[in-house]
Amino acid sequence: MTDSTLWHVVLPTPLRKPFLYRMPTSLGAPEIGMRVRVPFGRRQVTGYLLAPCPTPPQASFEIKDILELLDDVVPLPEELIRFLKEAASYYMHGLGEVFKTALPPGLDRAVNGTLSTPSPTTQDFLGSPVATVTPPVLNAEQTAAVEAITSQLHNGGYRGFLLHGVTGSGKTEVYFNAIDTARSLGKGALVLVPEISLTPQLIQRYRARFGDGIAVLHSGLSVRNRRTQWQLLRTGQVRVAIGVRSAIFAPVDRLGIIIVDEEHDASFKQESRFTYNARDLTLLRAARAGAVAVLGSATPSLETYYNAEIGKLEKLRLTKRATSQALPEVTAIDLTKHHSGPGGQTLITQPLYTAICETLEREEQAILFLNRRGFAPSILCGGCGEVIRCRSCSVSLTLHRHPPGLICHYCGSRWQVPSKCPACGATDLCPIGTGTQRAETILSDLFSSARIARMDRDSAAGKKGEAILDKLRQREIDILVGTQMVTKGHDFPYVTLVGVLNADVGLHMPDFRASERTFQLLMQVTGRAGRDQRGGRAFIQTYSTPHPAIDLARFHDYQTFVKMELETRRELGYPPFGRLAALRISSKSPEKVQIASQRLAAELREIHRQQSNPGVTILGPAAAPLEKVQNRYRWRIHLRSHRYDLIRRLIEPVLQTIENPPAGVRIRIDIDPQSML
Ligand code: ADP
Ligand code: ZN
């Protein structure tokens with residue numbers, strides 16, 4: 001038996017070490033990227049051939065035989081395999097876990113049939129074909145942006161762009177033109193959009209432009225559809241893919257361009273298992289594939305903005321709305337001065353109330369934004385002053401009325417609304433604060449003749465959200481109140497008023513990005529108003545005035561905000577000036593998690609001392625601000641440095657500990673963490 005019959009195989013496990021198997025020659029001609037069935041413990045699993053192993057190790061273990069070669073066409077192109085390897089290495093995760101995240105579920109299971117089976121070309125699940133539209137004539141700024149991108153496409157090779165364009169400035173038209181050029185050059189295109197934006201409307205907009213030549217990738221599709229989309233791309237039958245973050249791993253053939261729309265959006269970061277950031281990986285994949293990367297936003301993340309400042313990305317600007325409409329006039333309402341509004345309620349102040357009345361009189365529409373779902377964020381006992389908390393998480397339970405119950409927004413557990421306090425038995429339980437359900441009730445009382453609808457995760461699950469937006473478009477809704485869901489989406493010409501009911505939700509979170517996120521959200525939501533010649537205005541109700549995130553959002557002044565915020569980050573050594581990694585330790589036992597965290601931190605400090613590595617600061621261990629979620633206690637160690645490689649050098653020696661934590665403890669590595677909770 002020759003040496004070349006040994007293969008490194010990627011298996012769906014979090015372990016970092018490669019697995020070695022023998023390939024019997026009778027199975028056919030193996031190639032890198034093919035799927036194989038192998039024995040693993042007492043089970044059989046599907047793995048991927050990673051690389052032949054020319055020099056067999058002095059194996060102290062028995063090397064088992066591969067049982068079956070599952071494909072006769074390689075499912076993973078080499079470019080993708082190299083990319084997955086680099087991604088795994090950068091994020092310090094096992095390749096098995098990365099493959100599991102990256103590839104559609106149908107691929108990593110032992111499925112019958114091979115990928116070479118002719119795939120259906122119909123995109124039935126996308127709905128009936130849509131009529132094509134004539135593209136608008138681009139304005140000067142759009143033309144300049146398109147020219148910069150397309151000339152790079154013609155020249156070939158990597159280049160990254162930041163397309164910084166205000167809301168409604170026609171960024172999508174720029175993407176369309178770039179994709180057109182890529183296609184005419186025989187190259188593929190990949191478009192990543194936030195989870196919340198991948199609506200049938202957006203897909204229709206792309207289909208109206210590109211017909212059936214697009215694949216759609218998101219987790220809501222059936223396993224079969226996801227596999228079909230994958231195959232269409234892999235075989236080059238379809239060259240344009242649009243999807244959410246995991247689409248960064250799509251096997252687009254001859255990749256020419258990757259576009260990330262709303263690149264600042266938090267949903268590009270995966271927060272569980274393989275914690276990657278699709279926006280960051282976009283630059284890596286494009287660079288390796290010699291493709292163009294375009295990161296688009298009205299409010300670029302500080303990381304991206306900084307990359308453009310230091311010349312890593314080329315900046316393209318769209319400073320005006322495409323339809324030449326002015327951005328809305330925004331007024332801040334100081335809630336410390338307006339304690340209550342009409343009818344004594346505390347949700348809608350008098351100025352906002354008046355504006356809503358005027359809007360209704362003109363038969364126009366209003367969007368009201370409140371970033372809290374449910375009826376009331378907590379229930380307080382008037383007897384003992386206790387707030388009712390989730391038994392599994394360290395958060396209060398949210399009172400819901402439709403349908404009634406107490407729900408934990410972290411673990412999803414649901415209880416009946418108690419008639420008395422579980423702690424002291426008192427019966428005066430008082431709902432505290434206002435969520436969207438309560439807001440809807442208050443609005444119905446205030447504006448009894450208006451047609452009011454609510455849009456949040458409870459009311460707009462699945463297709464229901466579409467129905468709500470359709471009604472808004474058809475002007476069957478006068479006032480729409482909702483969570484972040486109302487801040488995105490397409491233009492509604494009759495929406496001339498936007499109200500932010502409480503801008504402070506989120507602003508005071510223990511997270512250095514709280515201010516940036518609030519600013520982005522306010523810019524986004526106020527940008528919904530006045531997309532048409534009717535013009536628009538927006539009101540922001542807040543307790544935090546003056547506050548730069550709010551005051552600068554009022555004037556749509558991204559530049560000043562970003563300059564101030566960058567200054568703060570520079571002083572603190574936070575991203576984009578410093579790099580961060582989080583080691584997240586969790587356990588069902590509060591003692592175990594604490595001991596494991598302290599040991600890990602001690603180990604890190606010892607290595608730090610030995611390496612005489614002054615470039616890294618070790619912060620913690622400390623309990624996470626949200627200490628308990630789903631019955632697991634969570635601790636953190638943060639590593640901060642001006643250089644990624646220094647952080648890496650410190651983590652590498654503890655990988656053993658991380659992979660083999662004490663019993664009952666889990667340790668995860670999060671490079672470039674987004675969530676500080
Ligand atoms: P963005 O993605 O920057 O928020 P969109 O691409 O959605 O903006 O464009 C906003 C609106 O302006 C859309 O209705 C679009 O069709 C329209 N639009 C874009 N470019 C032009 C143009 N050059 N002339 C006229 N209308 C345009
Ligand atoms: Zn919970």
# chains A, B, ... in the order shown; residues from 1 in each chain; ligands from 1
call {"tool": "closest_atom_pairs", "arguments": {"of": "chain A", "to": "ligand 2", "cutoff": "7 Å", "atoms": "only C-alpha atoms and all ligand atoms", "output": "tab-separated table"}}
result
residue	atom	partner	partner_atom_place_in_ligand_line	distance
A:Cys390	CA	ligand 2	1 (Zn)	4.8
A:Arg391	CA	ligand 2	1 (Zn)	6.4
A:Ser392	CA	ligand 2	1 (Zn)	4.7
A:Cys393	CA	ligand 2	1 (Zn)	4.2
A:Val395	CA	ligand 2	1 (Zn)	7.0
A:Cys408	CA	ligand 2	1 (Zn)	4.5
A:His409	CA	ligand 2	1 (Zn)	6.6
A:Tyr410	CA	ligand 2	1 (Zn)	5.0
A:Cys411	CA	ligand 2	1 (Zn)	4.0
A:Gly412	CA	ligand 2	1 (Zn)	6.1
A:Ser413	CA	ligand 2	1 (Zn)	5.8
A:Val629	CA	ligand 2	1 (Zn)	6.0
A:Gln630	CA	ligand 2	1 (Zn)	5.5
call {"tool": "residues_near_ligand", "arguments": {"ligand": "ligand 1", "cutoff": "8 Å", "atoms": "only C-alpha atoms and all ligand atoms", "output": "PyMOL selection string"}}
result
chain A and resi 135-139+142+165-174+297-298+321-323+490-491+531
call {"tool": "write_last_selection", "arguments": {"atoms": "N, CA and C atoms", "output": "short mmCIF file (atom, residue, chain, number, x, y, z; two decimals), in the first residue's frame"}}
result
data_model
loop_
_atom_site.label_atom_id
_atom_site.label_comp_id
_atom_site.auth_asym_id
_atom_site.auth_seq_id
_atom_site.Cartn_x
_atom_site.Cartn_y
_atom_site.Cartn_z
N PRO A 135 -33.80 50.26 -15.57
CA PRO A 135 -33.01 50.90 -14.52
C PRO A 135 -33.02 52.41 -14.68
N PRO A 136 -32.97 53.15 -13.56
CA PRO A 136 -32.93 54.62 -13.65
C PRO A 136 -31.59 55.09 -14.22
N VAL A 137 -31.58 56.30 -14.74
CA VAL A 137 -30.32 56.89 -15.19
C VAL A 137 -29.55 57.31 -13.94
N LEU A 138 -28.31 56.88 -13.85
CA LEU A 138 -27.54 57.14 -12.64
C LEU A 138 -27.16 58.61 -12.54
N ASN A 139 -27.11 59.13 -11.31
CA ASN A 139 -26.63 60.50 -11.13
C ASN A 139 -25.10 60.50 -11.11
N GLN A 142 -23.37 58.39 -8.35
CA GLN A 142 -23.53 56.96 -8.60
C GLN A 142 -22.62 56.52 -9.75
N GLY A 165 -23.02 55.89 1.53
CA GLY A 165 -24.10 56.67 0.91
C GLY A 165 -25.28 56.80 1.86
N VAL A 166 -25.79 57.99 1.98
CA VAL A 166 -26.91 58.22 2.90
C VAL A 166 -28.09 57.34 2.53
N THR A 167 -29.02 57.16 3.47
CA THR A 167 -30.18 56.31 3.19
C THR A 167 -30.93 56.86 1.98
N GLY A 168 -31.25 55.97 1.05
CA GLY A 168 -31.98 56.39 -0.13
C GLY A 168 -31.12 57.03 -1.20
N SER A 169 -29.80 56.89 -1.07
CA SER A 169 -28.92 57.53 -2.06
C SER A 169 -28.73 56.67 -3.31
N GLY A 170 -29.34 55.49 -3.32
CA GLY A 170 -29.25 54.66 -4.52
C GLY A 170 -28.05 53.74 -4.54
N LYS A 171 -27.67 53.23 -3.36
CA LYS A 171 -26.56 52.28 -3.29
C LYS A 171 -26.89 51.00 -4.05
N THR A 172 -28.15 50.57 -3.93
CA THR A 172 -28.54 49.33 -4.58
C THR A 172 -28.35 49.42 -6.10
N GLU A 173 -28.64 50.59 -6.67
CA GLU A 173 -28.41 50.75 -8.12
C GLU A 173 -26.93 50.61 -8.46
N VAL A 174 -26.07 51.09 -7.56
CA VAL A 174 -24.63 50.93 -7.77
C VAL A 174 -24.27 49.44 -7.74
N SER A 297 -22.89 51.25 3.28
CA SER A 297 -23.66 51.64 4.45
C SER A 297 -23.90 53.15 4.45
N ALA A 298 -24.97 53.55 5.14
CA ALA A 298 -25.18 54.97 5.39
C ALA A 298 -24.41 55.37 6.64
N ARG A 321 -29.71 62.04 -1.51
CA ARG A 321 -30.72 61.04 -1.84
C ARG A 321 -30.89 61.02 -3.36
N ALA A 322 -31.12 59.82 -3.89
CA ALA A 322 -31.19 59.65 -5.34
C ALA A 322 -32.33 60.45 -5.95
N THR A 323 -33.39 60.58 -5.16
CA THR A 323 -34.56 61.27 -5.68
C THR A 323 -34.51 62.77 -5.34
N HIS A 490 -38.08 48.99 2.47
CA HIS A 490 -38.08 49.87 1.33
C HIS A 490 -38.80 51.16 1.58
N ASP A 491 -38.79 51.96 0.58
CA ASP A 491 -39.38 53.28 0.74
C ASP A 491 -40.88 53.19 0.74
N ARG A 531 -39.35 59.75 2.01
CA ARG A 531 -38.62 59.25 0.86
C ARG A 531 -39.18 59.80 -0.45
#
call {"tool": "residues_around", "arguments": {"residues": "region 29-46 of chain A", "least_positions_apart": "2", "cutoff": "9 Å", "atoms": "only C-alpha atoms", "output": "NGL selection string"}}
result
:A and (9-12 or 21 or 23 or 25-27 or 48-52 or 64-78 or 81 or 107-111)
call {"tool": "residues_around", "arguments": {"residues": "region 334-345 of chain A", "least_positions_apart": "5", "cutoff": "12 Å", "atoms": "only C-alpha atoms", "output": "ChimeraX atom specification"}}
result
/A:350-354,357,433-434,438-439,441-443,445-447,500-504,539-547,550-551
call {"tool": "write_last_selection", "arguments": {"atoms": "N, CA and C atoms", "output": "CSV table (one decimal), in the first residue's frame"}}
result
chain,number,residue,atom,x,y,z
A,350,GLN,N,-46.5,65.6,24.0
A,350,GLN,CA,-47.4,66.5,23.3
A,350,GLN,C,-46.9,66.8,21.9
A,351,PRO,N,-45.6,67.2,21.7
A,351,PRO,CA,-45.1,67.6,20.3
A,351,PRO,C,-45.3,66.4,19.4
A,352,LEU,N,-45.0,65.2,19.8
A,352,LEU,CA,-45.1,64.0,18.9
A,352,LEU,C,-46.6,63.8,18.6
A,353,TYR,N,-47.4,63.9,19.7
A,353,TYR,CA,-48.8,63.7,19.5
A,353,TYR,C,-49.4,64.7,18.4
A,354,THR,N,-49.0,65.9,18.5
A,354,THR,CA,-49.5,66.9,17.5
A,354,THR,C,-49.0,66.5,16.1
A,357,CYS,N,-51.1,63.7,14.8
A,357,CYS,CA,-52.4,64.2,14.4
A,357,CYS,C,-52.4,64.9,13.0
A,433,GLY,N,-42.8,49.8,32.7
A,433,GLY,CA,-42.2,50.2,31.4
A,433,GLY,C,-43.2,49.8,30.2
A,434,THR,N,-42.8,50.1,29.0
A,434,THR,CA,-43.7,49.9,27.9
A,434,THR,C,-43.0,49.2,26.8
A,438,ARG,N,-47.9,47.2,24.6
A,438,ARG,CA,-48.6,48.2,25.3
A,438,ARG,C,-48.7,49.5,24.5
A,439,ALA,N,-47.7,49.8,23.8
A,439,ALA,CA,-47.7,51.0,22.9
A,439,ALA,C,-48.8,50.9,21.9
A,441,THR,N,-51.7,49.5,22.4
A,441,THR,CA,-52.9,49.8,23.1
A,441,THR,C,-53.0,51.3,23.4
A,442,ILE,N,-52.0,51.9,23.9
A,442,ILE,CA,-52.0,53.3,24.1
A,442,ILE,C,-52.3,54.1,22.9
A,443,LEU,N,-51.7,53.7,21.8
A,443,LEU,CA,-52.0,54.4,20.5
A,443,LEU,C,-53.5,54.3,20.1
A,445,ASP,N,-56.0,54.0,22.0
A,445,ASP,CA,-56.8,54.9,22.9
A,445,ASP,C,-56.6,56.4,22.4
A,446,LEU,N,-55.4,56.7,22.0
A,446,LEU,CA,-55.2,58.1,21.7
A,446,LEU,C,-55.7,58.5,20.3
A,447,PHE,N,-55.6,57.5,19.4
A,447,PHE,CA,-56.0,57.8,18.0
A,447,PHE,C,-57.0,56.7,17.6
A,500,VAL,N,-39.2,58.2,17.3
A,500,VAL,CA,-38.4,57.2,18.2
A,500,VAL,C,-39.0,57.4,19.6
A,501,LEU,N,-39.7,56.4,20.1
A,501,LEU,CA,-40.4,56.6,21.4
A,501,LEU,C,-39.4,56.7,22.6
A,502,ASN,N,-38.4,55.9,22.5
A,502,ASN,CA,-37.4,56.0,23.6
A,502,ASN,C,-36.0,55.7,23.1
A,503,ALA,N,-35.2,56.7,22.8
A,503,ALA,CA,-33.9,56.5,22.2
A,503,ALA,C,-32.9,56.0,23.2
A,504,ASP,N,-33.3,55.9,24.5
A,504,ASP,CA,-32.3,55.5,25.5
A,504,ASP,C,-32.2,54.0,25.7
A,539,PHE,N,-39.1,62.7,15.1
A,539,PHE,CA,-39.0,63.1,16.5
A,539,PHE,C,-38.2,62.0,17.3
A,540,ILE,N,-37.3,62.4,18.1
A,540,ILE,CA,-36.6,61.5,18.9
A,540,ILE,C,-36.9,61.8,20.4
A,541,GLN,N,-37.6,61.0,21.1
A,541,GLN,CA,-37.9,61.2,22.5
A,541,GLN,C,-36.7,60.6,23.3
A,542,THR,N,-36.2,61.4,24.2
A,542,THR,CA,-35.0,60.9,25.0
A,542,THR,C,-34.8,61.5,26.3
A,543,TYR,N,-34.3,60.8,27.3
A,543,TYR,CA,-33.8,61.3,28.5
A,543,TYR,C,-32.4,61.8,28.5
A,544,SER,N,-31.7,61.4,27.4
A,544,SER,CA,-30.3,61.7,27.3
A,544,SER,C,-29.9,62.8,26.4
A,545,THR,N,-30.4,64.0,26.7
A,545,THR,CA,-29.9,65.1,25.9
A,545,THR,C,-29.3,66.1,26.8
A,546,PRO,N,-28.1,66.7,26.5
A,546,PRO,CA,-27.4,66.4,25.2
A,546,PRO,C,-26.6,65.1,25.3
A,547,HIS,N,-26.6,64.4,24.2
A,547,HIS,CA,-25.8,63.2,24.1
A,547,HIS,C,-25.4,63.2,22.6
A,550,ILE,N,-27.3,61.2,20.0
A,550,ILE,CA,-28.6,61.6,19.6
A,550,ILE,C,-28.5,63.0,18.9
A,551,ASP,N,-27.7,63.9,19.4
A,551,ASP,CA,-27.7,65.2,18.8
A,551,ASP,C,-27.1,65.2,17.4
call {"tool": "atom_distance", "arguments": {"atom1": "CA of Gln484 (chain A)", "atom2": "CA of Ser197 (chain A)"}}
result
10.9 Å
call {"tool": "atom_distance", "arguments": {"atom1": "CA of Ala538 (chain A)", "atom2": "CA of Glu303 (chain A)"}}
result
28.2 Å
call {"tool": "select_by_dssp", "arguments": {"residues": "region 322-541 of chain A", "states": "helix (DSSP H, G or I)", "output": "JSON, numbers by chain"}}
result
{"A": [342, 343, 344, 350, 351, 352, 353, 354, 355, 356, 357, 358, 359, 360, 361, 436, 437, 438, 439, 440, 441, 442, 443, 444, 445, 446, 464, 465, 466, 467, 468, 469, 470, 471, 472, 473, 484, 485, 486, 487, 514, 515, 516, 517, 518, 519, 520, 521, 522, 523, 524, 525, 526]}
call {"tool": "atom_distance", "arguments": {"atom1": "CA of Arg16 (chain A)", "atom2": "CA of Glu627 (chain A)"}}
result
28.3 Å
call {"tool": "closest_residue", "arguments": {"among": "A:Ala596, A:Ala145, A:Ser396, A:Gly188", "to": "Ile667 (chain A)", "atoms": "only C-alpha atoms"}}
result
A:Ala596
call {"tool": "residues_around", "arguments": {"residues": "region 637-647 of chain A", "least_positions_apart": "5", "cutoff": "12 Å", "atoms": "only C-alpha atoms", "output": "MDAnalysis selection string"}}
result
chainID A and resid 89:92 570 572:586 593:594 596:605 607:608 611:624 652:654 667:673 675:676
call {"tool": "residues_around", "arguments": {"residues": "Gly425 (chain A)", "least_positions_apart": "6", "cutoff": "12 Å", "atoms": "only C-alpha atoms", "output": "number ranges by chain"}}
result
A: 381-386, 418-419
call {"tool": "write_last_selection", "arguments": {"atoms": "all heavy atoms", "output": "tab-separated table (two decimals), in the first residue's frame"}}
result
chain	number	residue	atom	x	y	z
A	381	CYS	N	-43.19	43.69	42.06
A	381	CYS	CA	-44.12	43.41	43.15
A	381	CYS	C	-44.20	44.63	44.05
A	381	CYS	O	-43.18	45.11	44.56
A	381	CYS	CB	-43.66	42.19	43.94
A	381	CYS	SG	-44.60	41.99	45.47
A	382	GLY	N	-45.41	45.13	44.24
A	382	GLY	CA	-45.61	46.30	45.09
A	382	GLY	C	-45.38	45.96	46.56
A	382	GLY	O	-45.17	46.85	47.39
A	383	GLY	N	-45.42	44.67	46.91
A	383	GLY	CA	-45.22	44.25	48.29
A	383	GLY	C	-43.77	44.26	48.70
A	383	GLY	O	-43.37	44.92	49.66
A	384	CYS	N	-42.93	43.53	47.95
A	384	CYS	CA	-41.53	43.39	48.35
A	384	CYS	C	-40.57	44.13	47.42
A	384	CYS	O	-39.37	44.17	47.67
A	384	CYS	CB	-41.14	41.92	48.44
A	384	CYS	SG	-41.19	41.04	46.86
A	385	GLY	N	-41.09	44.70	46.34
A	385	GLY	CA	-40.23	45.46	45.44
A	385	GLY	C	-39.40	44.59	44.52
A	385	GLY	O	-38.53	45.08	43.80
A	386	GLU	N	-39.65	43.28	44.54
A	386	GLU	CA	-38.88	42.38	43.67
A	386	GLU	C	-39.41	42.41	42.24
A	386	GLU	O	-40.62	42.54	42.02
A	386	GLU	CB	-39.00	40.93	44.18
A	386	GLU	CG	-38.14	40.61	45.38
A	386	GLU	CD	-36.66	40.58	45.05
A	386	GLU	OE1	-36.29	39.98	44.02
A	386	GLU	OE2	-35.87	41.19	45.81
A	418	PRO	N	-48.46	35.25	36.92
A	418	PRO	CA	-48.88	34.88	38.28
A	418	PRO	C	-49.89	35.88	38.83
A	418	PRO	O	-49.92	37.04	38.42
A	418	PRO	CB	-47.57	34.94	39.07
A	418	PRO	CG	-46.71	35.91	38.33
A	418	PRO	CD	-47.12	35.85	36.88
A	419	SER	N	-50.72	35.42	39.75
A	419	SER	CA	-51.68	36.34	40.36
A	419	SER	C	-51.07	36.97	41.60
A	419	SER	O	-51.53	37.99	42.08
A	419	SER	CB	-52.97	35.60	40.73
A	419	SER	OG	-52.63	34.45	41.47
call {"tool": "closest_residue", "arguments": {"among": "A:Thr199, A:Ile257, A:Gly482, A:Ala215", "to": "Leu185 (chain A)", "atoms": "only C-alpha atoms"}}
result
A:Ile257
call {"tool": "closest_residue", "arguments": {"among": "A:Leu192, A:Ala514, A:Leu677, A:Leu162", "to": "Glu309 (chain A)", "atoms": "only C-alpha atoms"}}
result
A:Leu162
